[in-house]
Structures are given as C-alpha cells and as structure tokens.
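Remarks on the structure that follows.
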Amino acid sequence: MSQNAYKWFTGILVSLGIFIALLDTTIVDIVLPKMMPSLSTDLYGVQWVVIIYFVGAAVAMTAAAWVAARIGARVAYVLGLLVFVGASAVCGAAWSLPVMLAARFVQGLGEGLLVPVGMVILFEVFPPEEHGAAMGLYGLAGSFSPAAGPTLGGLITEHLNWRWVFYVNLPIGLLDVALILLVLKGLNQRSKPRFDGFGFGAVALALSALIVLLGKGQELGWLTSDLIVALLVATVVFGVAAVLRLRFGKEPLFPRRVLREPLFQVAITCMILLSINAYGFFLLLPVFMQRLRGLTTLQAGLILLPGSILTAIFTLASGVLCDRFDPRKVGFVTLLLTGVASWLFTTDPDTPIRTLVFDYMLWGATVGGTFVPAALLAVAPLRDEDIGFGSTIQNVSRLVAGSIGTAVSTALLSAKADAYTVATLHFLEPGRPNTEALAAAASALGPTYYRSDLVGGAAYIGEQLVRRQTTSWAFHSVYQVLALFMIAGALVFAASLAIKLPRGMQKKKAAVH
C-alpha cells in the first residue's frame, strides 16, 4: 500500500471508530421514551442513561493522554474501542436501569479514551501540510455523528427496536479493530510521564460533579435542591484543587506550556462556544419537531438528514481550506455564518416542512465548517509530545460545553415558554375585547370545540393555541441566544489574528501556496 493510500485508509478507520462513539451522544436521546418500559423506569430515571455516559467519557479523557504516552496511541485506541464495543453489547441486553447505567458508564470510558487518541494518530500519519485534511476527517466524525444521531435513531427504532442503537456498534467496532491491527503500523513512542494521581482525581471529580449538576439542575430546581448545591460545592472545591495542582504541581496532569500557548487558548475558547450552540441545537430540534409539530421519530430524522449530509461535506471542505488559508479566517467566516443561520432559524408551528429542511441544511452546512479550525488550532502549534494533551483538553472542553449547551437550552426553553404564555394569557383575560373575539371564533367553529359552554370552549381552545404559539416563540428565542455564542466565537477568532502563527504553521501555509 502506498503512503498516500495508507494515510487515508488509516484516517477512515480511525474516524469510523470515533463516529460510532460520538454517535451514542445523540442517537440515544431519541429512543429514551422507548427504553422506559423495558427498564422499568420513568423519564427522570432514564435521563441518567445520557448523563452517566458523559461522566464516564470525562473521567477517561482526563487520563487519555497519559495512557497513550505509556502504551502507545495504537494500543490505546484499540483498547478504547474494545471497551466501547463490549459495553455496547451489555447496553443492548440490559434488563434493568442499574445494569444499563453501569454499562453506559463503561461505554463512556471507551469513548473518552479512543476519541482524543484518534486525533494523535491522525496527526502522526498525515504530514504537517495536510493536518487540515486530517482534522477534516476527524471533524467529519465529530460533527456529523451527533447530527446524524436523530435520523439513524429514528430509522433503527422504526424497523427494529431501541436495543439495536447499541447492537449496531458491535459489527462496525469489531471490524474496525481488526483492520486497525492489520493496517496501522507501530507509531512513534511518546515520553513516559509520571501519572499525577492527585490531579487526575481532582479533575475527574470536578468534571463529573459539573456534568451531573448540569444534567439534573433543571429537573431538581437548581439551587433549591440540596443535591444540586452539594454538586456545585464539589465542582468548585475539586475544580480549585485541580487548578492549584496545575499551577503549582511539580509534574501536573497537563503540561503548563500547553495551557500557556496563546493560540491553544483561543482554540479552546472557540471550541467551548461553538459546542454550546451545536449541542443546544442537537437537543432542541428533535423536541421541536416531535412535541410541537407532532412528527414521528422517523419523520423528524428524515427532515434532518439532508442537513446532516451537508454537515459532513462542509466539515471535509473546511479541512481542505484550513490547509490553504489561516484557520482563524476560516473559523471566523464559518462561526459568523452559523450564528446568522441560528438567529434566522424558523420555529413557527405551521412552518412548511420544506422550510424546516432548508433551515437545517443552512445551519448544518455552516456548523460543519466550524469544528476543524478550532480543532486544528488547538494542536497544530504544540510540540509533538504535547499533541495528546492538547487533544485531551480540547475533547474535555467539547464534552463539558455540550453539557452546558443542553442545560442552558433546556432551562431557557422552559423559562421563556412559561413567561410568554403567562404574558399572552394575561392579555386574553375574560372581559377584554380580544377574548370576546376568540369566543366568537369558537362559536363559528361549532359545538365540537365547546368544553361546557361557549365561553369555556373558547377559553380552552384559546389556551391551547396560545401555548402552542408561545412555545414556538420560546424555541426561536433560545435559538437566538445560542446564535450569540457562535458570533462570540467568530469575534474571538478575529481578535486572534493579531497573534503571529508559529513558524511551523507559517511554513505549512507557504508550502500549499
């Protein structure tokens, strides 16, 4: 096999494993209601299926760079994929909620190991002048898989059952392991750093507490809940301990030189901002289509399919562009366009299906171009021995920001829907002229719409119409808030143009011109 074919085949194999791992961050969301009877739980219990996966991933990601340095990136990637596949089999066969949660935690451990290590492998098999293309492949899995999750989840549950969203990982994952072992050559050994047990424990506990806090805060009432307050205290205490260890420790978990790199700081900031937007949209879009529009899981998935395909195409395209132009300029344009697409996204309850398809195609195309510039800028300026640490920090940031995006979106949607409904219903109080007009409209519709009398029937119809409309306003308002995160990220990229690119990246840009 030629060197050119080798690097692309390796890139595809690595991206395939990352794809199925990240797919499980969103494909499960759409089948949670179908799990509840089989696991004998309610909505609040089944939500832990999502939260515990993120916790497992956060714990493993914290140590991923150290594991890759000790046993090699190839072995670490295969180990992570085998753990993920084995846990997927248990998830599919789970007969109770505790079994499911234990398996999902282990599944998250597998994802947390293989996803950061995958970036290290791609950076090693691709030459420096093609690192943008490598990140395009990596970003294809990172952005397309969460976008495709609702579609694939709908298709699978329509024709099989919810257990197959886990079982499909087995043949794909095992084939990927076999081909990786057959094709991927031994990679350069990294240094063997001392394991910072205290730093690992502090970071892992802080991240775990934060993720659970964000996942359950809306349900439990935020600071009115003793559990949420305890989790907040734990996040702060362990977070401060982790920061102090990183600042003053002799051999901290992450090298301080990585955290001090200006372009790395810019990239992580932008990754956080764009992930808040992206994961907020991934959460809200299926909810909007199924609850407000009354579409089935399959219908919602098919509506999102064209946009998901464009996400994949534009992710690859942005990787090529980042090899030819300054990644910060590519990031500025794509984040700004995604902000505009988010702001203009239509949420009217009677919006034609074709408009929803078009809006998501526009958002999907633009968001597909945002990931690669941030991912590339997070690792390209680093030393070779630090790439694993840069990849780990970047993926942890994405994971936490995704949790923040879902929490912020859920809390804002609930608060805004309530506020808009109260304000509108107050406007329609009995005796007001607009209320009398509603009563007349109900009379024209006929007795089917009466609840007990004319006024009662009109009030009932009016309230349902109001709640439907105000909820659509709430969706639109949240989309606009999410748009601001993308616009902020674009401004960060623009401001970072004052920072000079490292000499190695400058040479790379000159070579492709």
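Going through the structure tokens in order, the chains are called A, B, and so on, while each chain numbers its residues from 1 and the ligands are numbered from 1 in the order shown.
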
| Could you pull the residues within 9 Å of stretch 289-298 of chain A, counting only C-alpha atoms, minus those fewer than 4 positions along the same chain, as number ranges by chain? | A: 30-31, 150-158, 284-285, 302-303, 349-350, 468, 471-472

Create the file for the chosen residues now, containing N, CA and C atoms and written as an mmCIF file, in the first residue's frame.
```cif
data_model
loop_
_atom_site.group_PDB
_atom_site.id
_atom_site.type_symbol
_atom_site.label_atom_id
_atom_site.label_comp_id
_atom_site.auth_asym_id
_atom_site.auth_seq_id
_atom_site.Cartn_x
_atom_site.Cartn_y
_atom_site.Cartn_z
ATOM 1 N N ILE A 30 -33.126 10.116 21.304
ATOM 2 C CA ILE A 30 -34.387 9.990 20.598
ATOM 3 C C ILE A 30 -35.136 8.701 20.951
ATOM 4 N N VAL A 31 -34.443 7.740 21.598
ATOM 5 C CA VAL A 31 -35.095 6.471 21.935
ATOM 6 C C VAL A 31 -35.328 6.321 23.435
ATOM 7 N N PRO A 150 -30.182 11.605 15.480
ATOM 8 C CA PRO A 150 -31.648 11.525 15.443
ATOM 9 C C PRO A 150 -32.179 10.772 14.222
ATOM 10 N N THR A 151 -31.551 10.984 13.056
ATOM 11 C CA THR A 151 -32.001 10.293 11.836
ATOM 12 C C THR A 151 -31.814 8.791 11.967
ATOM 13 N N LEU A 152 -30.608 8.370 12.342
ATOM 14 C CA LEU A 152 -30.334 6.936 12.453
ATOM 15 C C LEU A 152 -31.159 6.308 13.579
ATOM 16 N N GLY A 153 -31.324 7.035 14.682
ATOM 17 C CA GLY A 153 -32.151 6.521 15.768
ATOM 18 C C GLY A 153 -33.582 6.300 15.327
ATOM 19 N N GLY A 154 -34.107 7.242 14.536
ATOM 20 C CA GLY A 154 -35.470 7.091 14.029
ATOM 21 C C GLY A 154 -35.612 5.906 13.096
ATOM 22 N N LEU A 155 -34.645 5.737 12.203
ATOM 23 C CA LEU A 155 -34.696 4.616 11.254
ATOM 24 C C LEU A 155 -34.603 3.272 11.976
ATOM 25 N N ILE A 156 -33.689 3.186 12.941
ATOM 26 C CA ILE A 156 -33.500 1.920 13.652
ATOM 27 C C ILE A 156 -34.737 1.549 14.463
ATOM 28 N N THR A 157 -35.276 2.492 15.206
ATOM 29 C CA THR A 157 -36.435 2.180 16.047
ATOM 30 C C THR A 157 -37.705 1.970 15.225
ATOM 31 N N GLU A 158 -37.738 2.534 14.022
ATOM 32 C CA GLU A 158 -38.911 2.332 13.172
ATOM 33 C C GLU A 158 -38.992 0.895 12.679
ATOM 34 N N LEU A 284 -32.602 20.532 20.881
ATOM 35 C CA LEU A 284 -33.881 21.216 20.678
ATOM 36 C C LEU A 284 -34.602 20.817 19.394
ATOM 37 N N LEU A 285 -33.863 20.536 18.335
ATOM 38 C CA LEU A 285 -34.515 20.282 17.053
ATOM 39 C C LEU A 285 -35.454 19.071 17.085
ATOM 40 N N LEU A 302 -35.763 12.084 9.121
ATOM 41 C CA LEU A 302 -35.625 12.285 7.670
ATOM 42 C C LEU A 302 -35.538 13.768 7.319
ATOM 43 N N ILE A 303 -36.238 14.606 8.063
ATOM 44 C CA ILE A 303 -36.150 16.050 7.824
ATOM 45 C C ILE A 303 -34.728 16.549 8.097
ATOM 46 N N PRO A 349 -45.130 27.241 14.411
ATOM 47 C CA PRO A 349 -45.739 25.904 14.457
ATOM 48 C C PRO A 349 -46.341 25.448 13.135
ATOM 49 N N ASP A 350 -46.597 26.361 12.225
ATOM 50 C CA ASP A 350 -47.175 25.996 10.935
ATOM 51 C C ASP A 350 -46.179 26.143 9.788
ATOM 52 N N ARG A 468 -49.242 26.716 22.205
ATOM 53 C CA ARG A 468 -48.518 26.251 21.013
ATOM 54 C C ARG A 468 -47.689 27.383 20.412
ATOM 55 N N THR A 471 -44.805 28.586 22.818
ATOM 56 C CA THR A 471 -43.692 27.637 22.829
ATOM 57 C C THR A 471 -42.821 27.810 21.596
ATOM 58 N N SER A 472 -43.448 28.082 20.456
ATOM 59 C CA SER A 472 -42.656 28.322 19.242
ATOM 60 C C SER A 472 -41.827 29.589 19.392
#
```

| task | Write out as a ChimeraX atom specification which residues come within 10 Å of stretch 383-388 of chain A when counting only C-alpha atoms, dropping same-chain ones fewer than 3 positions away. | result | /A:64-69,73,116-121,123-124,189-191,254-255,257-258,378-380,391-394

Would you mind exporting C-alpha atoms of the selected residues as a short mmCIF file (atom, residue, chain, number, x, y, z; two decimals), in the first residue's frame?
```
data_model
loop_
_atom_site.label_atom_id
_atom_site.label_comp_id
_atom_site.auth_asym_id
_atom_site.auth_seq_id
_atom_site.Cartn_x
_atom_site.Cartn_y
_atom_site.Cartn_z
CA ALA A 64 -6.23 9.61 27.85
CA ALA A 65 -3.01 11.48 27.04
CA TRP A 66 -1.11 9.69 29.81
CA VAL A 67 -2.42 6.27 28.69
CA ALA A 68 -1.43 6.95 25.07
CA ALA A 69 2.04 8.05 26.17
CA ALA A 73 -1.52 5.56 20.59
CA PRO A 116 -8.68 12.03 21.94
CA VAL A 117 -6.18 9.33 20.92
CA GLY A 118 -7.70 9.22 17.43
CA MET A 119 -6.55 12.80 16.83
CA VAL A 120 -3.00 11.87 17.89
CA ILE A 121 -2.95 9.04 15.34
CA PHE A 123 -1.58 13.92 13.28
CA GLU A 124 1.11 11.28 13.11
CA GLN A 189 6.58 6.09 21.22
CA ARG A 190 5.88 9.15 23.28
CA SER A 191 7.59 10.09 26.51
CA PHE A 254 -1.27 18.56 31.76
CA PRO A 255 1.99 20.39 30.92
CA ARG A 257 3.37 25.02 28.46
CA VAL A 258 0.28 23.67 26.64
CA ALA A 378 -5.73 23.57 19.37
CA VAL A 379 -2.98 21.11 18.44
CA ALA A 380 -1.01 22.44 15.46
CA SER A 391 -6.38 16.72 22.09
CA THR A 392 -7.47 15.61 25.56
CA ILE A 393 -8.13 19.16 26.79
CA GLN A 394 -9.97 20.03 23.58
#
```

| message | Given only C-alpha atoms as the basis, pick out the residue of A:Arg70, A:Leu412, A:Leu310, A:Pro352 nearest to A:Gly369. | response |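 Residue with the minimum atom-to-atom distance to A:Gly369: A:Leu310.
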
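Checking A:Ser414, A:Ser496, A:Thr347, A:Thr355 one by one against A:His476, counting only C-alpha atoms, you find the shortest gap at A:Thr347.
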
| said: Please determine, counting only C-alpha atoms, which residue among A:Ile52, A:Leu214, A:Val330, A:Val408 has the shortest atom-to-atom distance to A:Gly132. | reply: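 Of all the options, A:Val330 lies closest to A:Gly132.
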
| task | Measure the distance from atom CA of A:Ala411 to atom CA of A:Gln218 in Å and round it to one decimal. | result |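 Result for atom CA of A:Ala411 versus atom CA of A:Gln218: 6.0 Å, one decimal.
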
| task | One decimal, Å: what's the distance from atom CA of A:Lys250 over to atom CA of A:Thr235, could you say? | result |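 Atom CA of A:Thr235 lies 23.4 Å from atom CA of A:Lys250.
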
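Proximity ranking of A:Ser2, A:Gln480, A:Thr25, A:Thr406 relative to A:Gly280 places A:Thr406 first, based on only C-alpha atoms.
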
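Counting only C-alpha atoms and comparing A:Thr470, A:Ser403, A:Thr424, A:Thr338, the residue that lies closest to A:Lys216 is A:Ser403.
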
| Counting only C-alpha atoms, the option among A:Ala300, A:Leu114, A:Ala278, A:Ile27 closest to A:Trp162 |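 Closest candidate: A:Ile27.
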
| message | Need to verify the contact set: A:Val237, 12 Å, only C-alpha atoms, exclusion of same-chain residues closer than 3 positions in sequence. Can you return it as a list in words? | response | Ala202, Val203, Leu205, Ala206, Leu207, Ala209, Leu210, Ala230, Leu231, Leu232, Val233, Ala234, Val240, Ala241, Ala242, Val243 and Leu244 of chain A

| task | Considering only C-alpha atoms, return as a PyMOL selection string whatever protein or nucleic-acid residues lie within 12 Å of A:Leu32, sequence-local ones (same chain, fewer than 6 positions apart) excluded. | result | chain A and resi 26+38-39+41-50+97+150+153-154+157+161-163+165+297

Tell me, as a compact mmCIF listing (two decimals) with all heavy atoms, in the first residue's frame, which residues lie within 10 Å of A:Val333, counting only C-alpha atoms; anything in the same chain fewer than 6 positions away does not count.
```txt
# COMPACT_ATOMS: atom_id res chain seq x y z
N GLY A 339 -23.85 31.60 13.23
CA GLY A 339 -24.60 32.49 14.10
C GLY A 339 -25.79 33.09 13.38
O GLY A 339 -26.90 33.15 13.93
N THR A 366 -23.16 25.31 7.62
CA THR A 366 -22.27 26.28 8.25
C THR A 366 -21.61 25.72 9.51
O THR A 366 -20.42 25.93 9.74
CB THR A 366 -23.03 27.58 8.59
OG1 THR A 366 -24.19 27.26 9.39
CG2 THR A 366 -23.49 28.28 7.32
N GLY A 369 -18.48 23.62 9.12
CA GLY A 369 -17.19 24.26 8.90
C GLY A 369 -16.56 24.85 10.13
O GLY A 369 -15.43 25.37 10.06
N THR A 370 -17.22 24.76 11.28
CA THR A 370 -16.70 25.42 12.48
C THR A 370 -15.72 24.56 13.27
O THR A 370 -14.83 25.09 13.93
CB THR A 370 -17.86 25.82 13.41
OG1 THR A 370 -18.55 24.63 13.85
CG2 THR A 370 -18.84 26.74 12.71
N ILE A 487 -21.44 33.85 17.35
CA ILE A 487 -20.94 35.18 16.99
C ILE A 487 -19.77 35.57 17.90
O ILE A 487 -18.77 36.14 17.44
CB ILE A 487 -22.07 36.22 17.06
CG1 ILE A 487 -23.13 35.90 15.99
CG2 ILE A 487 -21.53 37.63 16.87
CD1 ILE A 487 -24.39 36.73 16.09
N ALA A 490 -16.74 33.80 16.66
CA ALA A 490 -16.21 34.45 15.47
C ALA A 490 -15.36 35.67 15.85
O ALA A 490 -14.29 35.91 15.28
CB ALA A 490 -17.35 34.86 14.54
N LEU A 491 -15.82 36.42 16.83
CA LEU A 491 -15.08 37.61 17.26
C LEU A 491 -13.76 37.22 17.93
O LEU A 491 -12.75 37.92 17.78
CB LEU A 491 -15.94 38.44 18.22
CG LEU A 491 -17.21 39.06 17.60
CD1 LEU A 491 -18.01 39.80 18.67
CD2 LEU A 491 -16.85 40.00 16.46
N PHE A 493 -11.96 34.56 17.15
CA PHE A 493 -11.06 34.23 16.04
C PHE A 493 -10.53 35.50 15.37
O PHE A 493 -9.35 35.59 15.01
CB PHE A 493 -11.78 33.37 15.01
CG PHE A 493 -11.61 31.89 15.23
CD1 PHE A 493 -12.69 31.03 15.16
CD2 PHE A 493 -10.36 31.35 15.49
CE1 PHE A 493 -12.54 29.67 15.35
CE2 PHE A 493 -10.20 29.98 15.69
CZ PHE A 493 -11.28 29.14 15.62
N ALA A 494 -11.42 36.47 15.17
CA ALA A 494 -11.00 37.72 14.53
C ALA A 494 -9.94 38.43 15.36
O ALA A 494 -8.92 38.92 14.84
CB ALA A 494 -12.20 38.62 14.30
```
